[in-house]
Each structure stands twice: as structure tokens, then as C-alpha cells.
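Pasted below: target-v7.csv, CSV, C-alpha atoms.
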```csv
chain,number,residue,atom,x,y,z
A,202,MET,CA,-36.7,-5.4,42.2
A,203,PRO,CA,-33.9,-7.8,41.3
A,204,GLY,CA,-33.8,-9.3,37.8
A,205,SER,CA,-31.5,-11.2,35.5
A,206,TRP,CA,-30.6,-11.4,31.8
A,207,GLU,CA,-30.7,-14.5,29.8
A,208,GLU,CA,-29.2,-15.0,26.3
A,209,LEU,CA,-31.9,-16.2,24.0
A,210,PHE,CA,-29.6,-16.9,21.0
A,211,ALA,CA,-26.2,-16.0,19.5
A,212,PHE,CA,-26.7,-12.8,17.5
A,213,GLY,CA,-25.6,-14.0,14.1
A,214,PRO,CA,-26.2,-16.7,11.6
A,215,SER,CA,-24.5,-19.2,13.9
A,216,ALA,CA,-22.9,-19.4,17.3
A,217,LEU,CA,-19.5,-19.4,15.6
A,218,ASP,CA,-20.4,-16.3,13.5
A,219,SER,CA,-22.1,-14.1,16.0
A,220,ILE,CA,-21.4,-10.4,16.4
A,221,VAL,CA,-21.5,-7.8,19.1
A,222,ALA,CA,-23.8,-5.1,17.8
A,223,VAL,CA,-22.3,-1.9,19.0
A,224,HIS,CA,-25.0,0.0,17.0
A,225,LEU,CA,-28.4,-1.5,16.2
A,226,ILE,CA,-30.7,0.7,14.0
A,227,HIS,CA,-34.3,-0.2,13.4
A,228,LEU,CA,-35.1,0.4,9.7
A,229,ARG,CA,-38.5,1.3,8.3
A,230,THR,CA,-38.3,-2.0,6.4
A,231,GLY,CA,-38.7,-3.9,9.7
A,232,LYS,CA,-35.1,-5.1,9.6
A,233,PHE,CA,-32.3,-3.9,11.9
A,234,LEU,CA,-28.9,-2.7,10.7
A,235,ALA,CA,-26.3,-4.1,13.1
A,236,LEU,CA,-22.9,-2.5,13.1
A,237,GLU,CA,-20.0,-4.2,14.9
A,238,PHE,CA,-16.7,-2.6,16.0
A,239,GLY,CA,-13.9,-2.9,13.5
A,240,LEU,CA,-10.7,-4.8,14.4
A,241,THR,CA,-8.5,-3.4,11.7
A,242,ILE,CA,-7.5,0.3,11.8
A,243,PRO,CA,-8.2,2.3,9.8
A,244,TYR,CA,-11.5,2.0,7.9
A,245,SER,CA,-12.5,-1.6,8.4
A,246,SER,CA,-15.7,-2.8,10.0
A,247,PRO,CA,-15.5,-6.6,9.6
A,248,LYS,CA,-19.2,-7.3,10.3
A,249,CYS,CA,-22.2,-5.2,9.3
A,250,ARG,CA,-25.4,-7.2,9.1
A,251,LEU,CA,-29.1,-6.8,8.3
A,252,TRP,CA,-31.2,-8.7,10.8
A,253,THR,CA,-34.7,-9.8,10.2
A,254,PRO,CA,-36.1,-10.8,13.6
A,255,PRO,CA,-38.2,-14.0,13.8
A,256,ALA,CA,-42.0,-13.6,13.4
A,257,PHE,CA,-43.9,-13.3,16.7
A,258,GLY,CA,-44.2,-16.7,18.4
A,259,VAL,CA,-41.4,-18.2,16.2
A,260,SER,CA,-38.2,-19.3,18.0
A,261,GLY,CA,-34.7,-18.8,16.7
A,262,PRO,CA,-32.5,-16.0,15.7
A,263,GLY,CA,-34.3,-14.9,12.5
A,264,ALA,CA,-32.3,-14.2,9.3
A,265,PHE,CA,-29.0,-12.4,8.8
A,266,GLU,CA,-27.6,-10.9,5.7
A,267,THR,CA,-23.9,-9.7,5.5
A,268,VAL,CA,-23.6,-6.1,4.2
A,269,ALA,CA,-20.1,-5.4,2.8
A,270,THR,CA,-18.5,-2.2,4.0
A,271,THR,CA,-14.8,-1.4,3.6
A,272,HIS,CA,-14.8,2.3,4.1
A,273,THR,CA,-15.5,3.0,7.8
A,274,ASN,CA,-14.9,1.4,11.1
A,275,PHE,CA,-18.3,2.2,12.6
A,276,PHE,CA,-17.3,1.8,16.3
A,277,CYS,CA,-18.1,5.0,18.1
A,278,CYS,CA,-19.8,6.6,15.1
A,279,GLY,CA,-22.8,8.8,15.4
A,280,HIS,CA,-25.9,7.8,13.4
A,281,ALA,CA,-29.3,9.1,12.5
A,282,GLN,CA,-32.2,7.8,10.4
A,283,LEU,CA,-33.3,10.3,7.8
A,284,ALA,CA,-36.9,11.0,6.8
A,285,ASP,CA,-36.5,9.0,3.6
A,286,GLY,CA,-35.4,5.9,5.5
A,287,ARG,CA,-31.6,6.1,4.8
A,288,VAL,CA,-29.2,6.0,7.7
A,289,LEU,CA,-26.4,8.7,8.0
A,290,THR,CA,-23.3,7.7,10.0
A,291,ALA,CA,-20.6,10.2,10.9
A,292,GLY,CA,-17.1,9.5,12.4
A,293,GLY,CA,-16.1,6.0,13.4
A,294,GLY,CA,-13.3,4.1,15.1
A,295,PHE,CA,-10.1,5.8,16.1
A,296,LEU,CA,-7.1,6.1,14.0
A,297,SER,CA,-3.6,5.5,15.4
A,298,THR,CA,-3.5,9.3,16.1
A,299,ASN,CA,-6.5,8.9,18.6
A,300,GLU,CA,-8.7,10.8,16.2
A,301,ALA,CA,-11.9,9.4,14.7
A,302,PRO,CA,-11.9,9.2,10.9
A,303,ARG,CA,-13.6,12.1,9.1
A,304,ASN,CA,-16.2,10.0,7.3
A,305,ALA,CA,-19.8,10.4,6.5
A,306,ASP,CA,-21.6,7.4,5.1
A,307,LEU,CA,-25.2,6.8,3.9
A,308,PHE,CA,-26.9,3.4,4.1
A,309,ASP,CA,-29.9,3.0,1.8
A,310,PRO,CA,-32.0,-0.1,2.7
A,311,SER,CA,-34.0,0.2,-0.5
A,312,LEU,CA,-30.9,-0.9,-2.6
A,313,ALA,CA,-29.7,-4.4,-3.2
A,314,VAL,CA,-27.4,-6.0,-0.6
A,315,GLY,CA,-23.8,-5.0,-1.3
A,316,GLN,CA,-24.8,-1.6,-2.9
A,317,GLN,CA,-26.4,0.1,0.1
A,318,TRP,CA,-23.4,2.1,1.4
A,319,ASN,CA,-22.0,5.2,-0.2
A,320,ASN,CA,-19.7,8.0,1.0
A,321,PRO,CA,-21.2,11.4,0.1
A,322,ALA,CA,-18.8,13.7,1.9
A,323,THR,CA,-15.8,14.1,4.2
A,324,PRO,CA,-16.5,16.3,7.1
A,325,ALA,CA,-14.1,19.2,7.7
A,326,GLU,CA,-13.3,18.2,11.3
A,327,SER,CA,-12.8,14.9,13.0
A,328,SER,CA,-14.4,14.0,16.3
A,329,LYS,CA,-13.4,12.1,19.5
A,330,CYS,CA,-15.4,10.0,21.8
A,331,PRO,CA,-15.8,11.6,25.3
```
I'd like the structure from this file rewritten - as C-alpha cells, please.
Amino acid sequence: MPGSWEELFAFGPSALDSIVAVHLIHLRTGKFLALEFGLTIPYSSPKCRLWTPPAFGVSGPGAFETVATTHTNFFCCGHAQLADGRVLTAGGGFLSTNEAPRNADLFDPSLAVGQQWNNPATPAESSKCP
């Protein structure tokens, strides 16, 4: 059965400030954590957003909040949502040595915007994308 895709809206606060969500994580708060690839190496993810989708039957993109993160480039990271609602990310974008950074980061959606990320540990080994 043939089909087609249609862009409903630019994913961001405006068409000029839209992002490509490489990772999109549905949080227990009903919001989504959107992680975009970083353009600066190492340790920079220029856009990390919390997205609140529009209510059912309401048109438009919903609401976006920028979440500051200067520690990890989240491109190619692994992530998992923990039982308590926090999100664990591991690894990230490649360094100039073609190795992923040895980062582990926790995102806590229950904290105020700007205070959600912390870096609890540095894994012993780095990883590479297949």
C-alpha cells in the first residue's frame, strides 16, 4: 500500500529555530525530551528541548522549552528511562579520534529548567557507533 509523509509543522518554537530531533524520549510528565546532534566537537549539543505537544484537537506545534546542556554532544548516545522517571544517557558524538566521549548523564524532569542535567560518572570505556 503506497503512502506519503507530510510535514505538519516545523519542530521548534518557529520555522527559523526548528531542530532535527535525533533522539526523542517520552517522559512520564507527558512532555518529550528532544536531543539534537551537536555541531561543535567535543561536548556540545546546541539544542536540547522539552516539547509539550498540543492538546488533542488543537493545531500548532505545542510548546518548546530550551534545556541548557554544555557537557555532552548527544548524537549517537544511548539512552534509557529509569523507573523513577529520570533519563540516563551514555556516550555521545564522536571526538576527533573517532571515539565517542566517555560520558554518562542524567536528566531529571522533576527539576527546574536549566537544572535538569547532571554528570554522575565517567564510564571506563568509550563506545563507537556501528
Write out as a count of residues only the residues lying within 12 Å of A:Ala313, counting only C-alpha atoms and excluding same-chain residues fewer than 6 positions away. 5
d(atom CA of A:Pro254, atom CA of A:Ile220) in Å: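 For atom CA of A:Pro254 relative to atom CA of A:Ile220, the distance reads 15.0 Å.
For the set A:Glu207, A:Val314, A:Leu236, A:Trp252, the residue with the smallest atom-to-atom gap to A:His280 is A:Leu236, counting all atoms listed in the file.
Atom CA of A:Ile226 is found 8.6 Å from atom CA of A:Ala281.
Note that the spacing between atom CA of A:Pro310 and atom CA of A:Asp285 amounts to 10.2 Å.
When all atoms listed in the file are used to compute distances to A:Thr230, the closest of the residues A:Thr270, A:Gln282, A:Asn304, A:Ser311 turns out to be A:Ser311.
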Which neighbours of A:Ala284 fall inside 12 Å, counting only C-alpha atoms, when residues of the same chain fewer than 4 positions from it are skipped, and could you give them as a list in words? Leu228, Arg229, Val288, Leu289 and Asp309 of chain A
Hey, which of A:Ala291, A:Leu283, A:Ala256, A:Leu209 ends up closest to A:Lys232? Count all atoms listed in the file.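 Checking each of A:Ala291, A:Leu283, A:Ala256, A:Leu209 against A:Lys232, counting all atoms listed in the file, the winner is A:Ala256.
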Looking at only C-alpha atoms, which of A:Leu234, A:Ala264, A:Ala305, A:Val259 is the one that sits closest to A:Gly286? A:Leu234
7 Å contact set for A:Ala235, all atoms listed in the file, chain neighbours under 2 positions out, as a PyMOL selection string: chain A and resi 222+224-226+233+237+249-251
Long-range neighbours of A:Gly279 as a PyMOL selection string, 8 Å cut-off, all atoms listed in the file, 4 positions minimum in chain: chain A and resi 290-293
